[in-house]
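K.L.:
Sending over upload-v3.pdb (PDB, C-alpha atoms and all ligand atoms).
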ATOM      1  CA  MET A   1       0.000   0.000   0.000
ATOM      2  CA  ASN A   2       1.320   3.403  -0.960
ATOM      3  CA  LYS A   3       1.720   5.679   2.023
ATOM      4  CA  HIS A   4       0.042   9.080   2.110
ATOM      5  CA  LEU A   5      -0.455  11.245   5.178
ATOM      6  CA  LEU A   6      -3.656  13.303   5.390
ATOM      7  CA  VAL A   7      -3.609  16.146   7.921
ATOM      8  CA  ILE A   8      -6.912  17.843   8.795
ATOM      9  CA  PHE A   9      -7.042  20.850  11.110
ATOM     10  CA  PRO A  10      -9.307  23.912  11.302
ATOM     11  CA  HIS A  11      -6.809  26.766  11.700
ATOM     12  CA  PRO A  12      -3.621  27.874  10.000
ATOM     13  CA  ASP A  13      -0.921  27.178  12.674
ATOM     14  CA  ASP A  14      -2.615  24.065  14.161
ATOM     15  CA  GLU A  15      -0.411  21.969  11.885
ATOM     16  CA  SER A  16       2.765  23.759  12.906
ATOM     17  CA  PHE A  17       2.288  23.512  16.666
ATOM     18  CA  GLY A  18       0.824  20.005  16.775
ATOM     19  CA  ALA A  19       2.280  17.994  13.937
ATOM     20  CA  SER A  20       4.922  19.807  11.878
ATOM     21  CA  GLY A  21       7.796  17.629  13.114
ATOM     22  CA  THR A  22       5.911  14.486  12.135
ATOM     23  CA  ILE A  23       5.025  16.044   8.784
ATOM     24  CA  ALA A  24       8.706  16.891   8.215
ATOM     25  CA  HIS A  25       9.664  13.266   8.998
ATOM     26  CA  TYR A  26       7.191  11.917   6.466
ATOM     27  CA  ARG A  27       8.305  14.334   3.784
ATOM     28  CA  ARG A  28      11.941  13.402   4.418
ATOM     29  CA  GLU A  29      10.949   9.823   3.628
ATOM     30  CA  GLY A  30       9.313  10.999   0.412
ATOM     31  CA  ILE A  31       5.784  10.258   1.627
ATOM     32  CA  PRO A  32       3.190  12.671   0.183
ATOM     33  CA  VAL A  33       1.317  14.873   2.649
ATOM     34  CA  THR A  34      -2.048  16.515   2.012
ATOM     35  CA  TYR A  35      -3.133  19.234   4.428
ATOM     36  CA  VAL A  36      -6.815  20.155   4.625
ATOM     37  CA  CYS A  37      -7.271  23.408   6.535
ATOM     38  CA  ALA A  38     -10.908  24.199   7.236
ATOM     39  CA  THR A  39     -10.747  27.965   7.890
ATOM     40  CA  LEU A  40      -8.335  30.870   7.542
ATOM     41  CA  GLY A  41      -8.501  31.708  11.251
ATOM     42  CA  GLU A  42     -10.491  34.810  10.288
ATOM     43  CA  MET A  43     -11.504  35.549  13.888
ATOM     44  CA  GLY A  44      -8.059  35.152  15.449
ATOM     45  CA  ARG A  45      -7.081  37.722  18.074
ATOM     46  CA  GLY A  46      -3.419  37.810  17.154
ATOM     47  CA  MET A  47      -2.740  40.729  14.799
ATOM     48  CA  GLY A  48       1.046  40.899  15.262
ATOM     49  CA  ASN A  49       2.742  42.975  17.937
ATOM     50  CA  PRO A  50       2.636  45.879  17.207
ATOM     51  CA  PRO A  51      -0.489  44.990  15.190
ATOM     52  CA  PHE A  52       0.190  44.812  11.439
ATOM     53  CA  ALA A  53      -3.087  43.051  10.582
ATOM     54  CA  ASN A  54      -6.705  44.022  11.131
ATOM     55  CA  ARG A  55      -9.945  42.027  11.153
ATOM     56  CA  GLU A  56     -10.369  42.512   7.405
ATOM     57  CA  THR A  57      -6.793  41.890   6.254
ATOM     58  CA  LEU A  58      -6.170  38.978   8.634
ATOM     59  CA  PRO A  59      -7.618  36.185   6.425
ATOM     60  CA  GLN A  60      -5.338  36.923   3.465
ATOM     61  CA  ILE A  61      -2.332  37.466   5.745
ATOM     62  CA  ARG A  62      -2.959  34.123   7.449
ATOM     63  CA  LYS A  63      -3.402  32.423   4.093
ATOM     64  CA  LYS A  64       0.057  33.634   3.042
ATOM     65  CA  GLU A  65       1.499  32.533   6.397
ATOM     66  CA  LEU A  66      -0.055  29.101   5.905
ATOM     67  CA  GLU A  67       1.409  28.815   2.416
ATOM     68  CA  GLU A  68       4.807  29.758   3.808
ATOM     69  CA  ALA A  69       4.529  27.094   6.543
ATOM     70  CA  CYS A  70       3.630  24.543   3.851
ATOM     71  CA  ARG A  71       6.667  25.611   1.835
ATOM     72  CA  VAL A  72       8.913  25.177   4.895
ATOM     73  CA  LEU A  73       7.433  21.722   5.570
ATOM     74  CA  ASP A  74       7.429  20.721   1.888
ATOM     75  CA  ILE A  75       3.657  20.080   1.926
ATOM     76  CA  GLN A  76       2.735  20.122  -1.747
ATOM     77  CA  ASP A  77      -1.010  19.606  -1.490
ATOM     78  CA  LEU A  78      -2.803  22.254   0.572
ATOM     79  CA  ARG A  79      -6.584  22.373   0.445
ATOM     80  CA  LEU A  80      -8.794  25.015   2.008
ATOM     81  CA  LEU A  81     -12.381  24.173   2.907
ATOM     82  CA  GLY A  82     -13.382  27.860   3.031
ATOM     83  CA  LEU A  83     -15.327  27.645   6.290
ATOM     84  CA  ARG A  84     -15.305  30.503   8.785
ATOM     85  CA  ASP A  85     -13.306  30.477  12.007
ATOM     86  CA  LYS A  86     -15.384  29.810  15.149
ATOM     87  CA  THR A  87     -18.420  28.612  13.185
ATOM     88  CA  LEU A  88     -17.649  24.922  12.560
ATOM     89  CA  GLU A  89     -19.817  23.695  15.444
ATOM     90  CA  PHE A  90     -22.806  25.488  13.906
ATOM     91  CA  GLU A  91     -22.409  23.798  10.519
ATOM     92  CA  ASP A  92     -24.084  20.484   9.721
ATOM     93  CA  LEU A  93     -21.689  17.809  11.019
ATOM     94  CA  ASP A  94     -22.697  15.210   8.423
ATOM     95  CA  GLU A  95     -22.191  17.674   5.586
ATOM     96  CA  LEU A  96     -18.722  18.462   6.902
ATOM     97  CA  ALA A  97     -17.988  14.766   7.382
ATOM     98  CA  ASP A  98     -19.055  14.065   3.792
ATOM     99  CA  ARG A  99     -16.740  16.751   2.404
ATOM    100  CA  ILE A 100     -13.880  15.238   4.374
ATOM    101  CA  GLY A 101     -14.997  11.737   3.374
ATOM    102  CA  ALA A 102     -14.736  12.666  -0.308
ATOM    103  CA  ILE A 103     -11.141  13.800   0.209
ATOM    104  CA  ILE A 104     -10.330  10.573   2.094
ATOM    105  CA  GLN A 105     -11.801   8.582  -0.817
ATOM    106  CA  GLU A 106      -9.728  10.488  -3.327
ATOM    107  CA  ILE A 107      -6.426  10.390  -1.437
ATOM    108  CA  ASP A 108      -6.697   6.963   0.178
ATOM    109  CA  PRO A 109      -4.387   7.883   3.076
ATOM    110  CA  HIS A 110      -2.719   5.258   5.287
ATOM    111  CA  LEU A 111      -2.812   7.721   8.197
ATOM    112  CA  ILE A 112      -4.934  10.745   9.142
ATOM    113  CA  MET A 113      -3.938  13.323  11.736
ATOM    114  CA  THR A 114      -6.546  15.577  13.346
ATOM    115  CA  PHE A 115      -7.785  16.774  16.746
ATOM    116  CA  TYR A 116      -9.295  14.435  19.322
ATOM    117  CA  PRO A 117     -12.997  15.378  19.545
ATOM    118  CA  GLY A 118     -13.891  16.571  23.030
ATOM    119  CA  TYR A 119     -10.281  16.948  24.195
ATOM    120  CA  SER A 120      -8.959  19.789  22.063
ATOM    121  CA  VAL A 121     -10.131  22.952  23.872
ATOM    122  CA  HIS A 122     -11.341  25.045  20.900
ATOM    123  CA  PRO A 123     -14.852  24.263  19.547
ATOM    124  CA  ASP A 124     -13.455  24.299  15.985
ATOM    125  CA  HIS A 125     -10.803  21.734  16.991
ATOM    126  CA  ASP A 126     -13.385  19.440  18.577
ATOM    127  CA  THR A 127     -15.783  19.776  15.645
ATOM    128  CA  CYS A 128     -13.078  19.218  13.046
ATOM    129  CA  GLY A 129     -11.981  16.062  14.869
ATOM    130  CA  ALA A 130     -15.581  14.885  15.235
ATOM    131  CA  ALA A 131     -16.204  15.363  11.492
ATOM    132  CA  VAL A 132     -13.082  13.377  10.612
ATOM    133  CA  ILE A 133     -14.048  10.562  12.981
ATOM    134  CA  ARG A 134     -17.567  10.464  11.562
ATOM    135  CA  ALA A 135     -16.202  10.356   8.001
ATOM    136  CA  VAL A 136     -13.916   7.419   8.867
ATOM    137  CA  GLU A 137     -16.673   5.667  10.821
ATOM    138  CA  LYS A 138     -18.778   5.648   7.658
ATOM    139  CA  MET A 139     -16.115   3.538   5.918
ATOM    140  CA  PRO A 140     -16.116  -0.261   6.182
ATOM    141  CA  ALA A 141     -14.019  -1.238   9.232
ATOM    142  CA  ASP A 142     -11.357  -3.031   7.167
ATOM    143  CA  LYS A 143     -10.880  -0.031   4.871
ATOM    144  CA  ARG A 144     -10.360   2.582   7.606
ATOM    145  CA  PRO A 145      -7.026   4.390   7.795
ATOM    146  CA  THR A 146      -5.353   4.826  11.183
ATOM    147  CA  VAL A 147      -6.313   8.116  12.861
ATOM    148  CA  HIS A 148      -3.837   9.869  15.143
ATOM    149  CA  CYS A 149      -5.383  12.624  17.270
ATOM    150  CA  VAL A 150      -3.801  15.653  18.908
ATOM    151  CA  ALA A 151      -5.318  16.427  22.336
ATOM    152  CA  PHE A 152      -4.394  19.067  24.886
ATOM    153  CA  SER A 153      -7.349  19.712  27.175
ATOM    154  CA  LYS A 154      -6.608  19.656  30.908
ATOM    155  CA  ASN A 155      -8.388  16.317  31.318
ATOM    156  CA  CYS A 156      -7.012  14.524  28.254
ATOM    157  CA  VAL A 157      -4.447  12.307  30.033
ATOM    158  CA  ASP A 158      -6.830  11.549  32.928
ATOM    159  CA  GLU A 159      -9.542  10.373  30.587
ATOM    160  CA  LEU A 160      -7.683   9.053  27.548
ATOM    161  CA  GLY A 161      -4.542   7.797  29.246
ATOM    162  CA  LYS A 162      -1.097   8.770  28.048
ATOM    163  CA  ALA A 163      -0.580   9.369  24.346
ATOM    164  CA  ASP A 164       0.304   6.066  22.679
ATOM    165  CA  VAL A 165       2.345   7.725  19.923
ATOM    166  CA  VAL A 166       5.149  10.002  21.097
ATOM    167  CA  ARG A 167       7.491  11.171  18.401
ATOM    168  CA  ASP A 168      10.792  12.880  19.061
ATOM    169  CA  VAL A 169      11.178  15.525  16.360
ATOM    170  CA  SER A 170      14.344  17.207  17.619
ATOM    171  CA  ASP A 171      16.168  16.211  14.418
ATOM    172  CA  VAL A 172      13.814  18.513  12.474
ATOM    173  CA  GLU A 173      13.796  21.301  15.051
ATOM    174  CA  ASP A 174      14.771  23.907  12.441
ATOM    175  CA  LYS A 175      11.788  23.028  10.276
ATOM    176  CA  LYS A 176       9.338  22.996  13.176
ATOM    177  CA  VAL A 177      10.505  26.353  14.516
ATOM    178  CA  ALA A 178      10.458  27.886  11.026
ATOM    179  CA  ALA A 179       6.940  26.546  10.399
ATOM    180  CA  ILE A 180       5.670  28.047  13.645
ATOM    181  CA  LYS A 181       7.392  31.356  12.953
ATOM    182  CA  ALA A 182       5.795  31.472   9.503
ATOM    183  CA  HIS A 183       2.561  32.257  11.363
ATOM    184  CA  ARG A 184       3.908  35.637  12.328
ATOM    185  CA  SER A 185       0.564  37.294  13.104
ATOM    186  CA  GLN A 186      -0.149  34.588  15.680
ATOM    187  CA  VAL A 187       3.322  34.047  17.154
ATOM    188  CA  GLU A 188       4.054  37.696  17.948
ATOM    189  CA  GLY A 189       2.175  38.417  21.152
ATOM    190  CA  TYR A 190       1.602  34.693  21.816
ATOM    191  CA  ARG A 191       1.211  33.858  25.501
ATOM    192  CA  GLY A 192       4.376  33.890  27.543
ATOM    193  CA  GLY A 193       6.614  35.522  24.928
ATOM    194  CA  LEU A 194       6.815  32.490  22.643
ATOM    195  CA  LYS A 195       8.607  34.419  19.907
ATOM    196  CA  GLU A 196      11.508  35.318  22.195
ATOM    197  CA  LYS A 197      11.610  31.797  23.619
ATOM    198  CA  LEU A 198      11.891  30.375  20.110
ATOM    199  CA  ASP A 199      14.612  32.881  19.239
ATOM    200  CA  ASN A 200      16.563  31.954  22.393
ATOM    201  CA  LYS A 201      15.769  28.230  22.163
ATOM    202  CA  ASP A 202      14.373  28.263  25.685
ATOM    203  CA  PRO A 203      14.911  24.672  26.966
ATOM    204  CA  GLU A 204      11.451  24.202  28.449
ATOM    205  CA  THR A 205       9.742  25.501  25.296
ATOM    206  CA  MET A 206      11.864  23.285  23.077
ATOM    207  CA  ARG A 207      11.092  20.212  25.208
ATOM    208  CA  TRP A 208       7.397  20.965  24.820
ATOM    209  CA  LEU A 209       7.623  21.479  21.055
ATOM    210  CA  LEU A 210       9.985  18.685  20.123
ATOM    211  CA  LYS A 211       7.867  15.821  21.447
ATOM    212  CA  GLU A 212       4.714  15.376  19.399
ATOM    213  CA  ARG A 213       1.992  13.363  21.077
ATOM    214  CA  PHE A 214      -0.887  11.542  19.426
ATOM    215  CA  TRP A 215      -3.693   9.322  20.617
ATOM    216  CA  THR A 216      -4.686   6.588  18.165
ATOM    217  CA  TYR A 217      -8.476   6.755  17.836
ATOM    218  CA  ARG A 218     -10.149   3.508  18.878
ATOM    219  CA  PHE A 219     -13.208   2.933  16.679
ATOM    220  CA  ASP A 220     -14.156  -0.187  18.642
ATOM    221  CA  ARG A 221     -14.869   1.713  21.845
TER     222      ARG A 221
ATOM    223  CA  MET B   1      -3.383  50.240  12.112
ATOM    224  CA  ASP B   2      -2.547  53.597  13.674
ATOM    225  CA  PRO B   3      -3.156  54.792  17.216
ATOM    226  CA  ILE B   4      -6.481  56.611  17.287
ATOM    227  CA  VAL B   5      -6.505  60.360  16.643
ATOM    228  CA  PRO B   6      -9.991  61.235  17.977
ATOM    229  CA  ASP B   7     -10.637  64.249  15.737
ATOM    230  CA  ARG B   8      -9.947  62.194  12.659
ATOM    231  CA  ILE B   9     -12.192  59.353  13.810
ATOM    232  CA  GLN B  10     -14.960  61.839  14.671
ATOM    233  CA  LYS B  11     -14.937  63.078  11.055
ATOM    234  CA  GLU B  12     -15.286  59.477   9.884
ATOM    235  CA  LEU B  13     -18.187  58.785  12.258
ATOM    236  CA  ASP B  14     -19.898  61.864  10.811
ATOM    237  CA  ARG B  15     -19.258  60.615   7.267
ATOM    238  CA  PHE B  16     -21.160  57.347   7.926
ATOM    239  CA  SER B  17     -24.061  58.921   9.851
ATOM    240  CA  LYS B  18     -27.698  59.307   8.684
ATOM    241  CA  GLN B  19     -27.578  56.561   6.042
ATOM    242  CA  ASP B  20     -27.630  52.763   5.814
ATOM    243  CA  VAL B  21     -24.297  51.256   6.829
ATOM    244  CA  TYR B  22     -23.053  47.740   7.508
ATOM    245  CA  ILE B  23     -21.537  47.136  10.905
ATOM    246  CA  HIS B  24     -19.102  44.597  12.329
ATOM    247  CA  LEU B  25     -18.988  44.701  16.138
ATOM    248  CA  GLU B  26     -17.030  42.228  18.168
ATOM    249  CA  THR B  27     -15.485  41.630  21.544
ATOM    250  CA  THR B  28     -13.644  38.599  22.845
ATOM    251  CA  ASN B  29     -11.207  37.394  25.454
ATOM    252  CA  GLY B  30     -10.211  34.499  23.234
ATOM    253  CA  ALA B  31     -11.015  30.839  22.900
ATOM    254  CA  TYR B  32      -8.315  29.830  25.379
ATOM    255  CA  ALA B  33      -9.110  32.136  28.327
ATOM    256  CA  SER B  34     -10.502  29.387  30.549
ATOM    257  CA  HIS B  35      -7.889  26.882  29.364
ATOM    258  CA  HIS B  36      -5.129  29.119  30.708
ATOM    259  CA  ASP B  37      -6.991  30.364  33.785
ATOM    260  CA  GLU B  38      -9.489  28.056  35.450
ATOM    261  CA  LYS B  39     -11.303  31.002  37.008
ATOM    262  CA  ALA B  40     -11.782  32.756  33.689
ATOM    263  CA  ILE B  41     -14.797  32.286  31.458
ATOM    264  CA  ASN B  42     -14.551  32.462  27.691
ATOM    265  CA  VAL B  43     -16.572  35.480  26.626
ATOM    266  CA  GLY B  44     -17.133  36.752  23.131
ATOM    267  CA  ALA B  45     -19.786  38.099  20.819
ATOM    268  CA  TYR B  46     -19.841  39.386  17.299
ATOM    269  CA  ILE B  47     -22.315  40.605  14.769
ATOM    270  CA  ARG B  48     -21.250  40.992  11.159
ATOM    271  CA  ASN B  49     -23.092  42.775   8.380
ATOM    272  CA  ALA B  50     -26.052  44.002  10.350
ATOM    273  CA  ARG B  51     -27.427  47.056   8.542
ATOM    274  CA  ILE B  52     -28.033  50.052  10.750
ATOM    275  CA  GLN B  53     -28.532  53.795  10.597
ATOM    276  CA  TYR B  54     -27.447  56.249  13.276
ATOM    277  CA  SER B  55     -28.230  59.903  13.687
ATOM    278  CA  ARG B  56     -25.189  60.793  15.748
ATOM    279  CA  GLY B  57     -21.886  59.032  16.404
ATOM    280  CA  LYS B  58     -19.305  60.186  18.932
ATOM    281  CA  ILE B  59     -15.863  59.163  20.069
ATOM    282  CA  ARG B  60     -15.070  59.936  23.708
ATOM    283  CA  GLY B  61     -12.327  59.359  26.268
ATOM    284  CA  ASP B  62      -8.595  59.963  26.626
ATOM    285  CA  GLY B  63      -7.530  56.628  25.192
ATOM    286  CA  PRO B  64      -8.473  53.892  25.119
ATOM    287  CA  TYR B  65     -11.593  55.392  23.560
ATOM    288  CA  ARG B  66     -15.314  54.749  23.589
ATOM    289  CA  VAL B  67     -17.664  55.075  20.620
ATOM    290  CA  GLY B  68     -21.428  55.394  20.797
ATOM    291  CA  LEU B  69     -23.772  55.447  17.821
ATOM    292  CA  LYS B  70     -27.299  56.723  18.509
ATOM    293  CA  MET B  71     -29.901  54.881  16.453
ATOM    294  CA  GLU B  72     -33.583  55.658  16.084
ATOM    295  CA  SER B  73     -34.498  53.145  18.773
ATOM    296  CA  GLY B  74     -31.263  51.988  20.357
ATOM    297  CA  TRP B  75     -27.523  52.261  20.652
ATOM    298  CA  VAL B  76     -24.298  50.755  19.401
ATOM    299  CA  TYR B  77     -21.481  50.963  21.946
ATOM    300  CA  ALA B  78     -17.854  49.880  22.071
ATOM    301  CA  GLU B  79     -15.096  50.639  24.562
ATOM    302  CA  GLY B  80     -11.387  49.915  24.793
ATOM    303  CA  LEU B  81     -10.658  51.178  21.274
ATOM    304  CA  THR B  82      -6.976  51.973  20.696
ATOM    305  CA  HIS B  83      -6.352  51.794  16.950
ATOM    306  CA  GLY B  84      -8.098  52.885  13.791
ATOM    307  CA  GLU B  85      -7.795  53.300  10.066
ATOM    308  CA  VAL B  86      -9.765  53.931   6.933
ATOM    309  CA  ASP B  87      -8.879  50.971   4.749
ATOM    310  CA  PRO B  88      -8.379  51.103   0.961
ATOM    311  CA  LYS B  89     -12.083  50.329   0.478
ATOM    312  CA  GLY B  90     -13.040  53.413   2.501
ATOM    313  CA  ARG B  91     -14.267  51.391   5.467
ATOM    314  CA  LEU B  92     -13.726  52.647   8.997
ATOM    315  CA  LEU B  93     -11.949  49.998  11.076
ATOM    316  CA  LEU B  94     -11.605  50.611  14.803
ATOM    317  CA  ALA B  95     -10.042  48.104  17.169
ATOM    318  CA  GLY B  96      -8.743  47.717  20.693
ATOM    319  CA  HIS B  97      -5.558  45.760  21.359
ATOM    320  CA  ASN B  98      -4.112  44.586  24.650
ATOM    321  CA  ARG B  99      -0.440  44.792  25.625
ATOM    322  CA  GLU B 100       0.396  41.669  23.614
ATOM    323  CA  GLY B 101      -1.176  43.235  20.537
ATOM    324  CA  LYS B 102      -4.171  40.876  20.704
ATOM    325  CA  LEU B 103      -7.501  42.166  19.493
ATOM    326  CA  THR B 104     -10.027  42.621  22.288
ATOM    327  CA  VAL B 105     -12.748  44.672  20.584
ATOM    328  CA  ALA B 106     -13.581  45.821  17.054
ATOM    329  CA  LEU B 107     -16.101  48.238  15.596
ATOM    330  CA  GLN B 108     -16.200  48.631  11.822
ATOM    331  CA  LEU B 109     -18.440  50.553   9.430
ATOM    332  CA  SER B 110     -18.849  50.111   5.694
ATOM    333  CA  PHE B 111     -21.246  51.143   2.930
ATOM    334  CA  GLU B 112     -20.865  47.676   1.362
ATOM    335  CA  PRO B 113     -21.208  44.351   3.225
ATOM    336  CA  PHE B 114     -17.997  42.975   4.705
ATOM    337  CA  GLU B 115     -16.784  39.803   2.933
TER     338      GLU B 115
HETATM  339 ZN    ZN C 301      -6.508  26.019  16.287
END
Translate this file's structure into structure tokens.

P.N.:
Amino acid sequence: MNKHLLVIFPHPDDESFGASGTIAHYRREGIPVTYVCATLGEMGRGMGNPPFANRETLPQIRKKELEEACRVLDIQDLRLLGLRDKTLEFEDLDELADRIGAIIQEIDPHLIMTFYPGYSVHPDHDTCGAAVIRAVEKMPADKRPTVHCVAFSKNCVDELGKADVVRDVSDVEDKKVAAIKAHRSQVEGYRGGLKEKLDNKDPETMRWLLKERFWTYRFDR
Amino acid sequence: MDPIVPDRIQKELDRFSKQDVYIHLETTNGAYASHHDEKAINVGAYIRNARIQYSRGKIRGDGPYRVGLKMESGWVYAEGLTHGEVDPKGRLLLAGHNREGKLTVALQLSFEPFE
């Protein structure tokens, strides 16, 4: 079976924080990566510091930042679903699942990466994950790709157990840091001075970023 | 965006008054407020492309600024505004940013619907 990684997240920068090291590993092995990004993060609060974006220019700025992150990570297939930030949970879940299902059909991925529904803090994250899970659930059990979920809610380890996939991505640190920094409007002014910590390679920050954790979704539960 | 110069913004509020205009009004403390602080509650609201008409609009305060728009039977109000600009499409964009540069409030007026 030909390998193909399908990454599905709702916001530009989700891929860089949660999965860019893993993506870089796959690309290094020559495995194609398709990234489906559901929104342009139109309602993000980060505008740069000092602000260089505004509510109306932010979508196009974030689109360029996303394209730059994809260039850094060598993602050659970027697809935008054109939904609006913060509204995913108000869309029809089956409709969203069917759009994602059509992409799964077309790409036939061996692995999908998305957010763990219910354990990913932002309603768009949870809804995106739920739509992916529903799309995969609709497939015959023996045809389903593996689904690796990112989770980071306070209760995720208590309720899901420890992540079963932990990937050390320190050998692609440069790529991960560059991918995050590509999202300039979001990184400047990020909580706790992330930009400076990345510039100075703050040890605690790097430890956090260079281990990527995933929970394999169990469809039999 | 530039720091607000009240006189300039007042002229813009006058320019949009007494006719149909589209409004974008928003405030938020972000989707992660309660994730980072258990005592915090995520709060946010926005309305985009409501069509309104106001008879008088004023900007007040010493910065951050407040704006009130008096409508026939109600009010539009925003506070904490720090930055403003008239964008290339002639729309008035006002916003408030916190110390990290994060948007906390926005009030925008346009003769055409926002995209
Ligand atoms: Zn996100």

K.L.:
Pick out the residues sitting within 10 Å of range 58-68 of chain B, and hand them over as an MDAnalysis selection string; count all atoms listed in the file, and ignore anything fewer than 3 positions along from it in its own chain.

P.N.:
chainID B and resid 3:14 54 71 75:83 94:97 107

K.L.:
Hey, which bits of chain A sit within 6 Å of chain B, and for each residue what's the closest pair of atoms and how far apart in Å (one decimal), counting only C-alpha atoms, rows by chain and increasing number, as JSON lines?

P.N.:
{"residue": "A:Arg45", "atom": "CA", "partner": "B:Leu103", "partner_atom": "CA", "distance": 4.7}
{"residue": "A:Gly46", "atom": "CA", "partner": "B:Lys102", "partner_atom": "CA", "distance": 4.8}
{"residue": "A:Asn49", "atom": "CA", "partner": "B:Gly101", "partner_atom": "CA", "distance": 4.7}
{"residue": "A:Pro50", "atom": "CA", "partner": "B:Gly101", "partner_atom": "CA", "distance": 5.7}
{"residue": "A:Pro51", "atom": "CA", "partner": "B:Gly101", "partner_atom": "CA", "distance": 5.7}
{"residue": "A:Gly189", "atom": "CA", "partner": "B:Glu100", "partner_atom": "CA", "distance": 4.4}

K.L.:
I'd like the contact shell of Glu159 in chain A - 12 Å cut-off, all atoms listed in the file, skipping same-chain residues fewer than 6 positions apart - returned as a ChimeraX atom specification.

P.N.:
/A:116,118-119,151-153,215

K.L.:
Fewer than 2 positions away in the same chain doesn't count, so skip those; otherwise give me all residues within 12 Å of Cys70 in chain A, counting only C-alpha atoms, as a PyMOL selection string.

P.N.:
chain A and resi 7+12-13+15-16+20+23-24+27+33-37+63-68+72-79+175-176+178-183

K.L.:
With C-alpha atoms retained, could you export that selection as a PDB file, in the frame of the given file?

P.N.:
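Contents of the output file again-v6.pdb:
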ATOM      1  CA  VAL A   7      -3.609  16.146   7.921  1.00  0.00           C
ATOM      2  CA  PRO A  12      -3.621  27.874  10.000  1.00  0.00           C
ATOM      3  CA  ASP A  13      -0.921  27.178  12.674  1.00  0.00           C
ATOM      4  CA  GLU A  15      -0.411  21.969  11.885  1.00  0.00           C
ATOM      5  CA  SER A  16       2.765  23.759  12.906  1.00  0.00           C
ATOM      6  CA  SER A  20       4.922  19.807  11.878  1.00  0.00           C
ATOM      7  CA  ILE A  23       5.025  16.044   8.784  1.00  0.00           C
ATOM      8  CA  ALA A  24       8.706  16.891   8.215  1.00  0.00           C
ATOM      9  CA  ARG A  27       8.305  14.334   3.784  1.00  0.00           C
ATOM     10  CA  VAL A  33       1.317  14.873   2.649  1.00  0.00           C
ATOM     11  CA  THR A  34      -2.048  16.515   2.012  1.00  0.00           C
ATOM     12  CA  TYR A  35      -3.133  19.234   4.428  1.00  0.00           C
ATOM     13  CA  VAL A  36      -6.815  20.155   4.625  1.00  0.00           C
ATOM     14  CA  CYS A  37      -7.271  23.408   6.535  1.00  0.00           C
ATOM     15  CA  LYS A  63      -3.402  32.423   4.093  1.00  0.00           C
ATOM     16  CA  LYS A  64       0.057  33.634   3.042  1.00  0.00           C
ATOM     17  CA  GLU A  65       1.499  32.533   6.397  1.00  0.00           C
ATOM     18  CA  LEU A  66      -0.055  29.101   5.905  1.00  0.00           C
ATOM     19  CA  GLU A  67       1.409  28.815   2.416  1.00  0.00           C
ATOM     20  CA  GLU A  68       4.807  29.758   3.808  1.00  0.00           C
ATOM     21  CA  VAL A  72       8.913  25.177   4.895  1.00  0.00           C
ATOM     22  CA  LEU A  73       7.433  21.722   5.570  1.00  0.00           C
ATOM     23  CA  ASP A  74       7.429  20.721   1.888  1.00  0.00           C
ATOM     24  CA  ILE A  75       3.657  20.080   1.926  1.00  0.00           C
ATOM     25  CA  GLN A  76       2.735  20.122  -1.747  1.00  0.00           C
ATOM     26  CA  ASP A  77      -1.010  19.606  -1.490  1.00  0.00           C
ATOM     27  CA  LEU A  78      -2.803  22.254   0.572  1.00  0.00           C
ATOM     28  CA  ARG A  79      -6.584  22.373   0.445  1.00  0.00           C
ATOM     29  CA  LYS A 175      11.788  23.028  10.276  1.00  0.00           C
ATOM     30  CA  LYS A 176       9.338  22.996  13.176  1.00  0.00           C
ATOM     31  CA  ALA A 178      10.458  27.886  11.026  1.00  0.00           C
ATOM     32  CA  ALA A 179       6.940  26.546  10.399  1.00  0.00           C
ATOM     33  CA  ILE A 180       5.670  28.047  13.645  1.00  0.00           C
ATOM     34  CA  LYS A 181       7.392  31.356  12.953  1.00  0.00           C
ATOM     35  CA  ALA A 182       5.795  31.472   9.503  1.00  0.00           C
ATOM     36  CA  HIS A 183       2.561  32.257  11.363  1.00  0.00           C
TER      37      HIS A 183
END

K.L.:
Take the point (2.3, 12.7, 3.2) in the file's coordinates, draw a sphere of radius 6 Å around it, and report as a list in words every protein, DNA or RNA residue with an atom inside or on it, counting all atoms listed in the file.

P.N.:
His4, Leu5, Tyr26, Ile31, Pro32, Val33 and Thr34 of chain A

K.L.:
Please produce a file of those selected residues containing C-alpha atoms, as an mmCIF file, in the frame of the given file.

P.N.:
data_model
loop_
_atom_site.group_PDB
_atom_site.id
_atom_site.type_symbol
_atom_site.label_atom_id
_atom_site.label_comp_id
_atom_site.auth_asym_id
_atom_site.auth_seq_id
_atom_site.Cartn_x
_atom_site.Cartn_y
_atom_site.Cartn_z
ATOM 1 C CA HIS A 4 0.042 9.080 2.110
ATOM 2 C CA LEU A 5 -0.455 11.245 5.178
ATOM 3 C CA TYR A 26 7.191 11.917 6.466
ATOM 4 C CA ILE A 31 5.784 10.258 1.627
ATOM 5 C CA PRO A 32 3.190 12.671 0.183
ATOM 6 C CA VAL A 33 1.317 14.873 2.649
ATOM 7 C CA THR A 34 -2.048 16.515 2.012
#

K.L.:
I would like the residues chosen by the PyMOL selection byres (((not hetatm)) within 12 of (chain C and resi 301)) on the shown file; could you give them as a count of residues only?

P.N.:
42

K.L.:
Between CA of Asn155 in chain A and CA of Ala131 in chain A, what is the spacing in Å?

P.N.:
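Taking CA of Ala131 in chain A as the start and CA of Asn155 in chain A as the end point, the length is 21.3 Å.
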
K.L.:
Find the distance between CA of Thr216 in chain A and CA of Met113 in chain A and write it in Å to one decimal.

P.N.:
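Between CA of Thr216 in chain A and CA of Met113 in chain A the gap is 9.3 Å.
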
K.L.:
Between CA of Leu109 in chain B and CA of Val21 in chain B, what distance in Å does the model show, to one decimal?

P.N.:
6.4 Å

K.L.:
Taking the file above as input, evaluate the PyMOL selection byres (((chain A and resi 133-146) around 6) and not hetatm) and report the hits as JSON, numbers by chain.

P.N.:
{"A": [97, 101, 110, 111, 130, 131, 132, 147]}
